[in-house]
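What follows is the content of model_1.csv (CSV, C-alpha atoms and all ligand atoms).
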```
chain,number,residue,atom,x,y,z
A,1,MET,CA,-1.1,6.2,-11.5
A,2,PRO,CA,-3.6,7.4,-8.8
A,3,LYS,CA,-6.0,10.1,-9.7
A,4,ARG,CA,-4.8,13.4,-8.5
A,5,ILE,CA,-6.3,16.7,-7.4
A,6,PHE,CA,-4.5,20.0,-7.1
A,7,SER,CA,-5.8,23.3,-6.0
A,8,GLY,CA,-4.7,26.5,-4.3
A,9,VAL,CA,-5.7,29.7,-2.5
A,10,GLN,CA,-3.8,33.0,-2.5
A,11,PRO,CA,-2.6,34.1,1.0
A,12,THR,CA,-3.8,37.6,0.5
A,13,GLY,CA,-6.5,39.5,2.4
A,14,ASN,CA,-8.7,37.4,4.5
A,15,ILE,CA,-10.1,34.0,3.6
A,16,HIS,CA,-13.9,34.2,3.3
A,17,LEU,CA,-17.0,32.1,3.2
A,18,GLY,CA,-17.0,32.1,-0.6
A,19,ASN,CA,-13.5,30.5,-0.6
A,20,TYR,CA,-14.7,27.9,1.8
A,21,LEU,CA,-18.0,27.0,0.2
A,22,GLY,CA,-16.7,27.3,-3.4
A,23,ALA,CA,-13.3,25.5,-2.9
A,24,LEU,CA,-11.9,24.4,0.5
A,25,ARG,CA,-15.0,22.5,1.5
A,26,ASN,CA,-14.8,20.3,-1.6
A,27,TRP,CA,-11.1,19.7,-1.1
A,28,VAL,CA,-11.9,18.2,2.3
A,29,ALA,CA,-14.7,16.0,0.7
A,30,LEU,CA,-12.4,14.8,-2.1
A,31,GLN,CA,-9.1,14.3,-0.4
A,32,ARG,CA,-9.6,10.6,0.5
A,33,GLU,CA,-10.8,9.7,-3.0
A,34,TYR,CA,-7.8,11.3,-4.8
A,35,GLU,CA,-4.1,11.8,-4.2
A,36,SER,CA,-4.3,15.5,-3.1
A,37,PHE,CA,-2.1,18.5,-3.3
A,38,PHE,CA,-3.2,21.8,-1.8
A,39,CYS,CA,-1.0,24.7,-2.4
A,40,ILE,CA,-0.6,28.2,-0.8
A,41,VAL,CA,0.0,30.2,-3.9
A,42,ASN,CA,2.2,33.0,-2.6
A,43,LEU,CA,3.8,33.6,-6.0
A,44,HIS,CA,0.4,34.4,-7.3
A,45,ALA,CA,-0.1,36.8,-4.4
A,46,ILE,CA,2.9,38.9,-5.4
A,47,THR,CA,1.3,39.7,-8.8
A,48,ILE,CA,-0.2,42.6,-6.7
A,49,ALA,CA,2.2,44.4,-4.4
A,50,GLN,CA,2.2,42.9,-0.9
A,51,ASP,CA,3.8,43.9,2.4
A,52,PRO,CA,6.5,41.2,2.9
A,53,GLU,CA,5.9,40.7,6.6
A,54,THR,CA,2.1,40.5,6.2
A,55,LEU,CA,2.5,38.1,3.3
A,56,ALA,CA,4.7,35.8,5.4
A,57,GLU,CA,2.2,35.9,8.2
A,58,LYS,CA,-0.8,35.3,5.9
A,59,THR,CA,1.0,32.3,4.3
A,60,ARG,CA,1.3,30.5,7.6
A,61,GLU,CA,-2.2,31.6,8.6
A,62,LEU,CA,-3.6,30.0,5.4
A,63,ALA,CA,-1.7,26.8,6.2
A,64,ARG,CA,-3.5,26.8,9.6
A,65,ILE,CA,-6.8,27.4,7.9
A,66,TYR,CA,-6.3,24.4,5.5
A,67,LEU,CA,-5.6,22.2,8.5
A,68,ALA,CA,-8.5,23.6,10.6
A,69,VAL,CA,-11.1,23.1,7.8
A,70,GLY,CA,-10.2,19.5,7.7
A,71,ILE,CA,-7.3,18.9,5.3
A,72,ASP,CA,-5.5,16.0,6.8
A,73,PRO,CA,-1.7,16.2,6.3
A,74,GLU,CA,-1.5,12.4,6.7
A,75,VAL,CA,-3.5,11.9,3.5
A,76,SER,CA,-3.0,15.2,1.6
A,77,THR,CA,0.1,17.2,0.7
A,78,ILE,CA,0.1,20.9,1.8
A,79,LEU,CA,2.8,22.9,0.1
A,80,VAL,CA,3.8,26.6,-0.2
A,81,GLN,CA,4.4,27.4,-3.8
A,82,SER,CA,7.6,29.4,-3.3
A,83,ASP,CA,9.2,26.4,-1.5
A,84,LEU,CA,9.5,24.7,-4.9
A,85,SER,CA,11.4,26.5,-7.7
A,86,GLU,CA,9.7,24.1,-10.2
A,87,HIS,CA,6.6,26.2,-10.4
A,88,ALA,CA,8.4,29.3,-11.6
A,89,GLU,CA,10.7,27.3,-13.9
A,90,LEU,CA,7.9,25.5,-15.7
A,91,THR,CA,6.1,28.9,-16.1
A,92,TRP,CA,9.0,30.0,-18.2
A,93,LEU,CA,8.7,27.0,-20.5
A,94,LEU,CA,5.0,27.4,-20.8
A,95,ASN,CA,5.3,31.2,-21.4
A,96,CYS,CA,7.1,30.3,-24.6
A,97,ILE,CA,4.1,28.4,-26.0
A,98,THR,CA,1.4,30.7,-24.7
A,99,ARG,CA,0.1,33.5,-26.8
A,100,MET,CA,-0.3,37.1,-25.7
A,101,SER,CA,-3.8,37.1,-27.2
A,102,GLU,CA,-4.8,34.2,-24.9
A,103,LEU,CA,-3.7,36.1,-21.8
A,104,GLU,CA,-5.3,39.4,-23.0
A,105,ARG,CA,-8.6,37.6,-23.1
A,106,MET,CA,-8.6,36.6,-19.4
A,107,THR,CA,-11.4,38.4,-17.6
A,108,GLN,CA,-9.7,38.3,-14.2
A,109,PHE,CA,-6.7,40.0,-15.7
A,110,LYS,CA,-8.9,42.6,-17.3
A,111,ASP,CA,-10.7,43.3,-14.0
A,112,LYS,CA,-7.5,43.4,-11.9
A,113,ALA,CA,-5.7,45.5,-14.5
A,114,ARG,CA,-8.5,48.0,-14.4
A,115,LYS,CA,-8.1,48.4,-10.7
A,116,GLN,CA,-4.3,48.7,-10.9
A,117,GLN,CA,-4.5,51.4,-13.6
A,118,GLU,CA,-1.0,52.2,-14.9
A,119,ASN,CA,0.9,49.9,-12.5
A,120,VAL,CA,0.0,46.6,-14.2
A,121,GLY,CA,2.8,44.2,-13.7
A,122,VAL,CA,4.0,41.6,-16.1
A,123,GLY,CA,3.4,39.0,-13.3
A,124,LEU,CA,-0.3,39.9,-13.3
A,125,PHE,CA,-0.5,39.3,-17.0
A,126,ASP,CA,1.3,36.0,-16.6
A,127,TYR,CA,-0.7,34.8,-13.6
A,128,PRO,CA,-2.7,32.2,-15.6
A,129,VAL,CA,0.5,30.6,-16.9
A,130,LEU,CA,1.8,30.2,-13.4
A,131,MET,CA,-1.5,28.6,-12.5
A,132,ALA,CA,-1.2,26.2,-15.4
A,133,SER,CA,2.3,25.3,-14.2
A,134,ASP,CA,1.0,24.6,-10.7
A,135,ILE,CA,-1.6,22.2,-12.1
A,136,LEU,CA,0.4,20.5,-14.8
A,137,LEU,CA,3.5,19.9,-12.6
A,138,TYR,CA,1.5,17.4,-10.6
A,139,GLN,CA,-0.1,15.5,-13.5
A,140,THR,CA,-3.4,16.6,-12.1
A,141,ASP,CA,-6.7,15.0,-13.1
A,142,LEU,CA,-9.1,17.3,-11.3
A,143,VAL,CA,-9.0,20.9,-10.1
A,144,PRO,CA,-11.6,21.8,-7.5
A,145,VAL,CA,-12.3,25.6,-7.8
A,146,GLY,CA,-15.0,28.1,-7.7
A,147,GLU,CA,-16.6,29.3,-11.0
A,148,ASP,CA,-14.4,32.3,-11.3
A,149,GLN,CA,-11.4,30.0,-12.2
A,150,LYS,CA,-13.1,28.3,-15.1
A,151,GLN,CA,-11.5,30.4,-17.8
A,152,HIS,CA,-8.0,29.8,-16.2
A,153,LEU,CA,-8.7,26.1,-16.3
A,154,GLU,CA,-9.7,26.1,-20.0
A,155,LEU,CA,-6.4,27.9,-20.7
A,156,THR,CA,-4.5,25.3,-18.7
A,157,ARG,CA,-6.0,22.6,-20.8
A,158,ASP,CA,-5.2,24.4,-24.0
A,159,ILE,CA,-1.6,24.9,-22.9
A,160,ALA,CA,-1.3,21.2,-22.0
A,161,ILE,CA,-2.7,20.0,-25.2
A,162,ARG,CA,-0.5,22.3,-27.3
A,163,PHE,CA,2.7,21.2,-25.4
A,164,ASN,CA,1.8,17.5,-25.8
A,165,ARG,CA,1.2,18.0,-29.5
A,166,ASP,CA,4.4,20.0,-30.1
A,167,TYR,CA,6.8,18.1,-27.8
A,168,GLY,CA,5.3,14.8,-27.2
A,169,GLU,CA,3.0,13.5,-24.4
A,170,THR,CA,4.2,15.2,-21.3
A,171,PHE,CA,1.2,16.5,-19.2
A,172,ARG,CA,-2.1,15.0,-18.2
A,173,VAL,CA,-4.9,17.3,-19.4
A,174,PRO,CA,-6.9,18.3,-16.2
A,175,GLU,CA,-10.6,18.9,-15.7
A,176,ALA,CA,-12.2,21.6,-13.5
A,177,PHE,CA,-14.3,20.4,-10.6
A,178,ILE,CA,-16.8,23.2,-10.1
A,179,PRO,CA,-19.5,22.5,-7.5
A,180,GLN,CA,-23.2,22.6,-8.6
A,181,VAL,CA,-24.1,24.6,-5.5
A,182,GLY,CA,-21.8,27.3,-4.0
A,183,ALA,CA,-19.5,27.9,-7.0
A,184,ARG,CA,-20.2,31.6,-6.9
A,185,ILE,CA,-21.1,33.0,-3.5
A,186,MET,CA,-22.2,36.6,-3.8
A,187,SER,CA,-21.4,39.6,-1.7
A,188,LEU,CA,-23.9,40.3,1.1
A,189,ALA,CA,-23.6,44.0,0.4
A,190,ASP,CA,-24.0,43.7,-3.4
A,191,PRO,CA,-25.5,40.4,-4.6
A,192,THR,CA,-24.6,41.2,-8.2
A,193,LYS,CA,-20.9,40.9,-7.3
A,194,LYS,CA,-19.1,37.8,-6.1
A,195,MET,CA,-17.9,37.7,-2.5
A,196,SER,CA,-14.3,38.8,-2.9
A,197,LYS,CA,-11.3,39.4,-0.6
A,198,SER,CA,-9.7,41.9,-2.9
A,199,ASP,CA,-12.6,44.2,-3.1
A,200,GLU,CA,-12.0,46.6,-0.3
A,201,GLU,CA,-15.2,48.5,-0.6
A,202,SER,CA,-17.2,45.4,-0.1
A,203,GLU,CA,-15.8,44.3,3.3
A,204,ALA,CA,-19.3,44.5,4.7
A,205,GLY,CA,-20.5,42.0,2.2
A,206,CYS,CA,-17.7,39.5,2.9
A,207,VAL,CA,-17.9,37.1,5.9
A,208,MET,CA,-14.3,36.2,6.8
A,209,LEU,CA,-13.5,32.8,8.3
A,210,LEU,CA,-11.7,34.5,11.1
A,211,ASP,CA,-14.5,37.1,11.9
A,212,ASP,CA,-15.8,37.0,15.4
A,213,ALA,CA,-19.4,36.3,16.3
A,214,ASP,CA,-20.5,40.0,16.6
A,215,VAL,CA,-19.0,40.9,13.2
A,216,VAL,CA,-20.7,37.9,11.6
A,217,ARG,CA,-24.1,38.9,13.1
A,218,ARG,CA,-23.7,42.5,12.0
A,219,LYS,CA,-22.7,41.5,8.4
A,220,PHE,CA,-25.7,39.2,8.0
A,221,LYS,CA,-28.1,41.7,9.7
A,222,ARG,CA,-27.1,44.4,7.1
A,223,ALA,CA,-27.2,42.0,4.2
A,224,VAL,CA,-29.0,43.4,1.2
A,225,THR,CA,-32.3,41.7,0.3
A,226,ASP,CA,-34.6,41.8,-2.7
A,227,SER,CA,-38.0,43.1,-3.0
A,228,GLY,CA,-40.8,40.6,-2.2
A,229,THR,CA,-41.2,38.8,1.0
A,230,GLU,CA,-41.3,35.1,0.2
A,231,ILE,CA,-38.3,33.0,1.2
A,232,ARG,CA,-37.6,30.6,-1.6
A,233,PHE,CA,-34.8,29.6,-4.0
A,234,ASP,CA,-35.3,31.8,-7.0
A,235,SER,CA,-32.4,32.7,-9.4
A,236,THR,CA,-34.2,35.9,-10.4
A,237,ARG,CA,-33.8,37.2,-6.8
A,238,PRO,CA,-30.0,37.0,-6.3
A,239,ALA,CA,-29.8,38.3,-2.7
A,240,ILE,CA,-32.2,35.9,-1.2
A,241,ASN,CA,-30.9,33.1,-3.4
A,242,ASN,CA,-27.4,33.7,-2.1
A,243,LEU,CA,-28.5,33.7,1.6
A,244,LEU,CA,-30.4,30.5,1.0
A,245,THR,CA,-27.5,28.9,-0.8
A,246,ILE,CA,-25.2,29.6,2.2
A,247,TYR,CA,-27.8,28.2,4.5
A,248,GLN,CA,-28.2,25.1,2.4
A,249,LEU,CA,-24.4,24.4,2.3
A,250,LEU,CA,-23.8,25.0,6.0
A,251,THR,CA,-26.8,23.0,7.2
A,252,GLN,CA,-26.8,20.3,4.4
A,253,LYS,CA,-30.6,20.5,4.3
A,254,SER,CA,-32.4,20.2,1.0
A,255,PRO,CA,-33.9,23.3,-0.7
A,256,GLU,CA,-37.4,21.9,-0.1
A,257,GLU,CA,-36.8,21.4,3.6
A,258,ILE,CA,-35.4,25.0,3.9
A,259,GLU,CA,-38.4,26.5,2.1
A,260,ILE,CA,-40.8,24.7,4.4
A,261,HIS,CA,-38.8,25.8,7.4
A,262,PHE,CA,-39.0,29.5,6.4
A,263,ALA,CA,-42.6,29.5,5.1
A,264,GLY,CA,-44.4,32.4,6.5
A,265,LYS,CA,-41.3,33.8,8.2
A,266,GLY,CA,-39.5,37.1,7.3
A,267,TYR,CA,-36.1,38.1,6.0
A,268,SER,CA,-34.9,39.1,9.5
A,269,GLN,CA,-35.5,35.6,10.8
A,270,LEU,CA,-33.5,34.1,7.9
A,271,LYS,CA,-30.6,36.5,8.5
A,272,ALA,CA,-30.6,35.9,12.2
A,273,GLU,CA,-30.7,32.1,11.8
A,274,LEU,CA,-28.0,32.2,9.1
A,275,ALA,CA,-25.8,34.3,11.4
A,276,GLU,CA,-26.1,31.7,14.2
A,277,ILE,CA,-25.5,28.8,11.9
A,278,THR,CA,-22.4,30.4,10.5
A,279,ILE,CA,-21.1,31.2,14.0
A,280,GLU,CA,-21.7,27.6,15.0
A,281,PHE,CA,-19.5,26.5,12.1
A,282,LEU,CA,-16.8,29.2,12.6
A,283,GLN,CA,-16.3,29.0,16.3
A,284,PRO,CA,-14.8,25.5,16.6
A,285,PHE,CA,-13.0,26.1,13.3
A,286,GLN,CA,-11.3,29.2,14.8
A,287,GLU,CA,-10.4,27.3,17.9
A,288,ARG,CA,-8.6,24.7,15.8
A,289,VAL,CA,-6.8,27.5,13.9
A,290,SER,CA,-5.4,28.9,17.1
A,291,ARG,CA,-4.4,25.5,18.5
A,292,ILE,CA,-2.0,24.5,15.7
A,293,ASP,CA,1.5,25.2,17.0
A,294,ASP,CA,4.4,26.6,14.9
A,295,ASP,CA,6.7,23.7,15.1
A,296,LYS,CA,4.0,21.3,13.9
A,297,LEU,CA,3.2,23.6,11.1
A,298,ASP,CA,6.9,23.8,10.0
A,299,GLU,CA,7.0,20.0,10.1
A,300,ILE,CA,3.9,19.7,7.9
A,301,LEU,CA,5.1,22.3,5.4
A,302,LYS,CA,8.6,20.8,5.1
A,303,ALA,CA,7.2,17.3,4.6
A,304,GLY,CA,4.7,18.7,2.0
A,305,ALA,CA,7.4,20.5,0.0
A,306,ALA,CA,9.5,17.3,0.0
A,307,ARG,CA,6.7,15.1,-1.2
A,308,ALA,CA,5.6,17.6,-3.8
A,309,GLN,CA,9.1,18.1,-5.1
A,310,LEU,CA,9.4,14.4,-6.1
A,311,ILE,CA,6.5,14.7,-8.5
A,312,ALA,CA,7.1,18.3,-9.6
A,313,GLY,CA,10.8,17.6,-10.2
A,314,ALA,CA,10.1,14.6,-12.4
A,315,THR,CA,7.5,16.4,-14.5
A,316,LEU,CA,9.8,19.4,-15.0
A,317,ALA,CA,12.7,17.2,-16.0
A,318,GLN,CA,10.5,15.5,-18.6
A,319,ALA,CA,9.2,18.8,-20.0
A,320,LYS,CA,12.8,20.1,-20.3
A,321,HIS,CA,14.0,17.0,-21.9
A,322,ASN,CA,11.1,17.0,-24.4
A,323,MET,CA,11.8,20.6,-25.3
A,324,GLY,CA,15.4,19.8,-26.0
A,325,LEU,CA,16.7,21.8,-23.0
A,326,ILE,CA,19.7,19.6,-22.4
A,327,GLY,CA,23.2,20.8,-21.7
A,328,ALA,CA,26.0,18.7,-20.1
A,329,ARG,CA,25.3,15.0,-20.2
A,330,SER,CA,25.2,13.4,-16.8
A,401,LIG,P1,-8.3,32.7,-4.9
A,401,LIG,O1,-7.4,32.8,-3.8
A,401,LIG,O2,-8.9,33.9,-5.5
A,401,LIG,O3,-9.6,31.9,-4.5
A,401,LIG,C1,-9.5,30.6,-3.9
A,401,LIG,C2,-10.6,29.7,-4.3
A,401,LIG,O4,-11.9,30.3,-3.8
A,401,LIG,C3,-12.8,30.3,-4.9
A,401,LIG,N1,-13.7,31.5,-4.7
A,401,LIG,C4,-15.0,31.4,-4.6
A,401,LIG,N2,-15.9,30.4,-4.7
A,401,LIG,C5,-17.2,30.7,-4.6
A,401,LIG,N3,-17.6,32.0,-4.4
A,401,LIG,C6,-16.8,33.0,-4.3
A,401,LIG,N4,-17.3,34.2,-4.1
A,401,LIG,C7,-15.4,32.8,-4.5
A,401,LIG,N5,-14.3,33.6,-4.4
A,401,LIG,C8,-13.3,32.8,-4.6
A,401,LIG,C9,-11.9,30.4,-6.1
A,401,LIG,O5,-12.6,30.0,-7.3
A,401,LIG,C10,-10.8,29.5,-5.8
A,401,LIG,O6,-11.1,28.2,-6.1
A,401,LIG,N6,-6.1,31.5,-9.1
A,401,LIG,C11,-6.6,30.9,-7.9
A,401,LIG,C12,-5.5,30.3,-7.1
A,401,LIG,C13,-4.6,29.3,-7.8
A,401,LIG,C14,-5.0,28.0,-8.2
A,401,LIG,C15,-3.9,27.3,-8.8
A,401,LIG,C16,-6.2,27.3,-8.1
A,401,LIG,C17,-3.3,29.4,-8.2
A,401,LIG,N7,-2.9,28.2,-8.8
A,401,LIG,C18,-4.0,26.0,-9.3
A,401,LIG,C19,-6.3,25.9,-8.6
A,401,LIG,C20,-5.2,25.4,-9.1
A,401,LIG,C21,-7.2,32.0,-7.1
A,401,LIG,O7,-7.2,33.1,-7.5
A,401,LIG,O8,-7.8,31.7,-6.0
```
Can you give me the file's structure in the form of structure tokens?
Amino acid sequence: MPKRIFSGVQPTGNIHLGNYLGALRNWVALQREYESFFCIVNLHAITIAQDPETLAEKTRELARIYLAVGIDPEVSTILVQSDLSEHAELTWLLNCITRMSELERMTQFKDKARKQQENVGVGLFDYPVLMASDILLYQTDLVPVGEDQKQHLELTRDIAIRFNRDYGETFRVPEAFIPQVGARIMSLADPTKKMSKSDEESEAGCVMLLDDADVVRRKFKRAVTDSGTEIRFDSTRPAINNLLTIYQLLTQKSPEEIEIHFAGKGYSQLKAELAEITIEFLQPFQERVSRIDDDKLDEILKAGAARAQLIAGATLAQAKHNMGLIGARS
């Protein structure tokens, strides 16, 4: 069987530079080496209340973003999670072998639950099991994600190993692919926190892929910096390190080249250059987003769902069979 990758993004809020540099960028780089499935995980999105009309719009917008960053629908499969009932169905089977204590340990759950206070839904608690289902349905080898998903990946592996042990070989046990550089892009407003689309108070620290040029300039201009004046990669200075990491990924220059380029220059110059480099990347991308027409998008998503269903359906049938979930004989 070909080596496979699977990954996804939630169609909530606005997609930002952290999502691109930590995940989407690597999908594009890997898609020709692997058989690739890229999912718009709208069932994950509803673990926090969403306005239905906005969710539907954001789902299609995210599909456009996938295409505009360079996911090629001729070589990769793009699917919307809710188009396939297999994702929810396998979640039920996996729920029955996952322990409460495992889910209680998930740091993302704890963070999100704290923000929701008393309205913590069962879906939010179960989020990592749905994610495990996504990955295991496609017999995935590699899951390219940012660093914040590492714990969910470890749980996915544990669930797969347990299922295979208890019910016989059913799922491939996946590995996380977490990039060496860019796995955790930090907020420009608070470099101790990751850039995050769900963190409303940190809008100013989050460069959205659909921000216009003036907004991008303003956000970089106001970016927090550390004390000291030297511009060099230094993990003890998180603000400058973060700006330089973004610079490195967008220009593809080496850290040495970048440090030489900025020797003797000030923070304001770094911020101004970074803003222009980001805009140079975003403008053609945004143009591509706006050029994708609705009919073409429908065609791609329908074809993606059909292709994905062949694999997801076969895996689910095998898992049900192995668990003894058999009724009428065909
Ligand atoms: P989501 O939508 O929160 O984030 C999408 C991807 O972006 C990465 N990311 C970041 N990378 C670097 N720096 C940041 N500041 C940053 N913020 C986010 C995330 O690590 C992720 O790769 N649970 C997933 C969605 C999901 C999924 C899956 C992923 C559902 N099923 C199956 C892989 C496989 C999530 O919350 O993504």
*asked:* Give me, as a ChimeraX atom specification, all polymer residues having an atom no more than 12 Å from A:Glu89, counting all atoms listed in the file and skipping those fewer than 2 positions away in the same chain.
replied: /A:81-82,84-87,91-96,129-130,133-134,137,312-313,315-317,319-320
*asked:* Just want the residues within 6 Å of ligand LIG 401 (chain A), written as a list in words, counting all atoms listed in the file.
replied: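 What falls inside 6 Å of ligand LIG 401 (chain A) is Phe6, Ser7, Gly8, Val9, Gln10, Gly18, Asn19, Gly22, Ala23, Val41, Met131, Asp134, Ile135, Val143, Val145, Gly146, Glu147, Asp148, Gln149, Gly182, Ala183, Arg184, Ile185, Met186, Lys194, Met195 and Ser196 of chain A.
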*Distance of atom CA of A:Val207 from atom CA of A:Glu256, expressed in Å to one decimal place*: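 Value for the atom CA of A:Glu256-atom CA of A:Val207 distance: 25.4 Å.
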Please provide as a PDB file with C-alpha atoms, in the coordinates of the input all residues within 10 Å of A:Met106, with the sequence filter that same-chain residues fewer than 4 positions apart are discarded (counting all atoms listed in the file).
```
ATOM      1  CA  SER A 101      -3.800  37.100 -27.200  1.00  0.00           C
ATOM      2  CA  GLU A 102      -4.800  34.200 -24.900  1.00  0.00           C
ATOM      3  CA  LYS A 110      -8.900  42.600 -17.300  1.00  0.00           C
ATOM      4  CA  ASP A 111     -10.700  43.300 -14.000  1.00  0.00           C
ATOM      5  CA  PHE A 125      -0.500  39.300 -17.000  1.00  0.00           C
ATOM      6  CA  TYR A 127      -0.700  34.800 -13.600  1.00  0.00           C
ATOM      7  CA  PRO A 128      -2.700  32.200 -15.600  1.00  0.00           C
ATOM      8  CA  GLN A 151     -11.500  30.400 -17.800  1.00  0.00           C
ATOM      9  CA  HIS A 152      -8.000  29.800 -16.200  1.00  0.00           C
ATOM     10  CA  LEU A 155      -6.400  27.900 -20.700  1.00  0.00           C
TER      11      LEU A 155
END
```
*Go through A:Gln269, A:Thr140, A:Asn241, A:Asn164 and flag the residue nearest A:Glu35, using only C-alpha atoms for the distances.*
A:Thr140
*Smallest atom-to-atom distance to A:Asp211: which of A:Phe281, A:Phe171, A:Tyr66, A:Phe177, using all atoms listed in the file?*
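The answer is A:Phe281, which sits nearest to A:Asp211.
Distances from A:Ala68, A:Ala272, A:Ile231, A:Leu90 to A:Glu257 were compared using all atoms listed in the file, and the smallest one belongs to A:Ile231.
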*Between A:Lys271, A:Ala29, A:Phe163, A:Leu21, single out the one closest to A:Leu250, counting all atoms listed in the file.*
A:Leu21
Can you pull out every residue within 10 Å of A:Ala113, counting only C-alpha atoms, but drop anything in the same chain fewer than 6 positions away, and send it as an mmCIF file with C-alpha atoms, in the frame of the given file?
```
data_model
loop_
_atom_site.group_PDB
_atom_site.id
_atom_site.type_symbol
_atom_site.label_atom_id
_atom_site.label_comp_id
_atom_site.auth_asym_id
_atom_site.auth_seq_id
_atom_site.Cartn_x
_atom_site.Cartn_y
_atom_site.Cartn_z
ATOM 1 C CA ILE A 48 -0.200 42.600 -6.700
ATOM 2 C CA THR A 107 -11.400 38.400 -17.600
ATOM 3 C CA ASN A 119 0.900 49.900 -12.500
ATOM 4 C CA VAL A 120 0.000 46.600 -14.200
ATOM 5 C CA GLY A 121 2.800 44.200 -13.700
ATOM 6 C CA LEU A 124 -0.300 39.900 -13.300
ATOM 7 C CA PHE A 125 -0.500 39.300 -17.000
#
```
*Record the distance separating atom CA of A:Trp27 and atom CA of A:Pro73, expressed in Å with one decimal.*
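About the pair atom CA of A:Trp27 and atom CA of A:Pro73: they are 12.5 Å apart.
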*Which is closer to A:Glu276 than all the others in A:Asp214, A:Asp226, A:Asp234, A:Asp294, using all atoms listed in the file?*
A:Asp214
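For the set A:Gly123, A:Thr12, A:Leu282, A:Leu249, the residue with the smallest atom-to-atom gap to A:Ala56 is A:Thr12, counting only C-alpha atoms.
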*Between atom CA of A:Ile78 and atom CA of A:Leu55 - distance in Å to one decimal*: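 So the answer is 17.4 Å.
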Would you mind completing stretch 251-268 of chain A so that it carries N, CA and C atoms, and writing it out as a compact mmCIF listing (two decimals), keeping the file's coordinate frame?
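Here's the written file part_17.txt:
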```txt
# COMPACT_ATOMS: atom_id res chain seq x y z
N THR A 251 -25.98 23.89 6.41
CA THR A 251 -26.80 23.00 7.20
C THR A 251 -26.97 21.61 6.50
N GLN A 252 -26.60 21.53 5.21
CA GLN A 252 -26.80 20.30 4.40
C GLN A 252 -28.22 19.89 4.26
N LYS A 253 -29.14 20.84 4.45
CA LYS A 253 -30.60 20.50 4.30
C LYS A 253 -30.93 20.72 2.80
N SER A 254 -32.03 20.09 2.38
CA SER A 254 -32.40 20.20 1.00
C SER A 254 -33.18 21.55 0.79
N PRO A 255 -33.21 22.08 -0.43
CA PRO A 255 -33.90 23.30 -0.70
C PRO A 255 -35.41 23.21 -0.25
N GLU A 256 -36.03 22.05 -0.46
CA GLU A 256 -37.40 21.90 -0.10
C GLU A 256 -37.60 22.05 1.44
N GLU A 257 -36.75 21.35 2.18
CA GLU A 257 -36.80 21.40 3.60
C GLU A 257 -36.65 22.89 4.11
N ILE A 258 -35.73 23.58 3.46
CA ILE A 258 -35.40 25.00 3.90
C ILE A 258 -36.63 25.86 3.59
N GLU A 259 -37.22 25.68 2.42
CA GLU A 259 -38.40 26.50 2.10
C GLU A 259 -39.55 26.26 3.03
N ILE A 260 -39.73 25.00 3.40
CA ILE A 260 -40.80 24.70 4.40
C ILE A 260 -40.50 25.35 5.71
N HIS A 261 -39.25 25.22 6.12
CA HIS A 261 -38.80 25.80 7.40
C HIS A 261 -39.13 27.30 7.47
N PHE A 262 -38.89 28.00 6.35
CA PHE A 262 -39.00 29.50 6.40
C PHE A 262 -40.41 29.95 5.87
N ALA A 263 -41.30 29.03 5.56
CA ALA A 263 -42.60 29.50 5.10
C ALA A 263 -43.28 30.37 6.10
N GLY A 264 -43.75 31.52 5.65
CA GLY A 264 -44.40 32.40 6.50
C GLY A 264 -43.51 33.28 7.43
N LYS A 265 -42.20 33.04 7.33
CA LYS A 265 -41.30 33.80 8.20
C LYS A 265 -40.66 34.96 7.33
N GLY A 266 -40.02 35.89 8.00
CA GLY A 266 -39.50 37.10 7.30
C GLY A 266 -38.00 37.02 7.08
N TYR A 267 -37.51 37.98 6.32
CA TYR A 267 -36.10 38.10 6.00
C TYR A 267 -35.22 38.18 7.29
N SER A 268 -35.75 38.92 8.28
CA SER A 268 -34.90 39.10 9.50
C SER A 268 -34.66 37.82 10.19
```
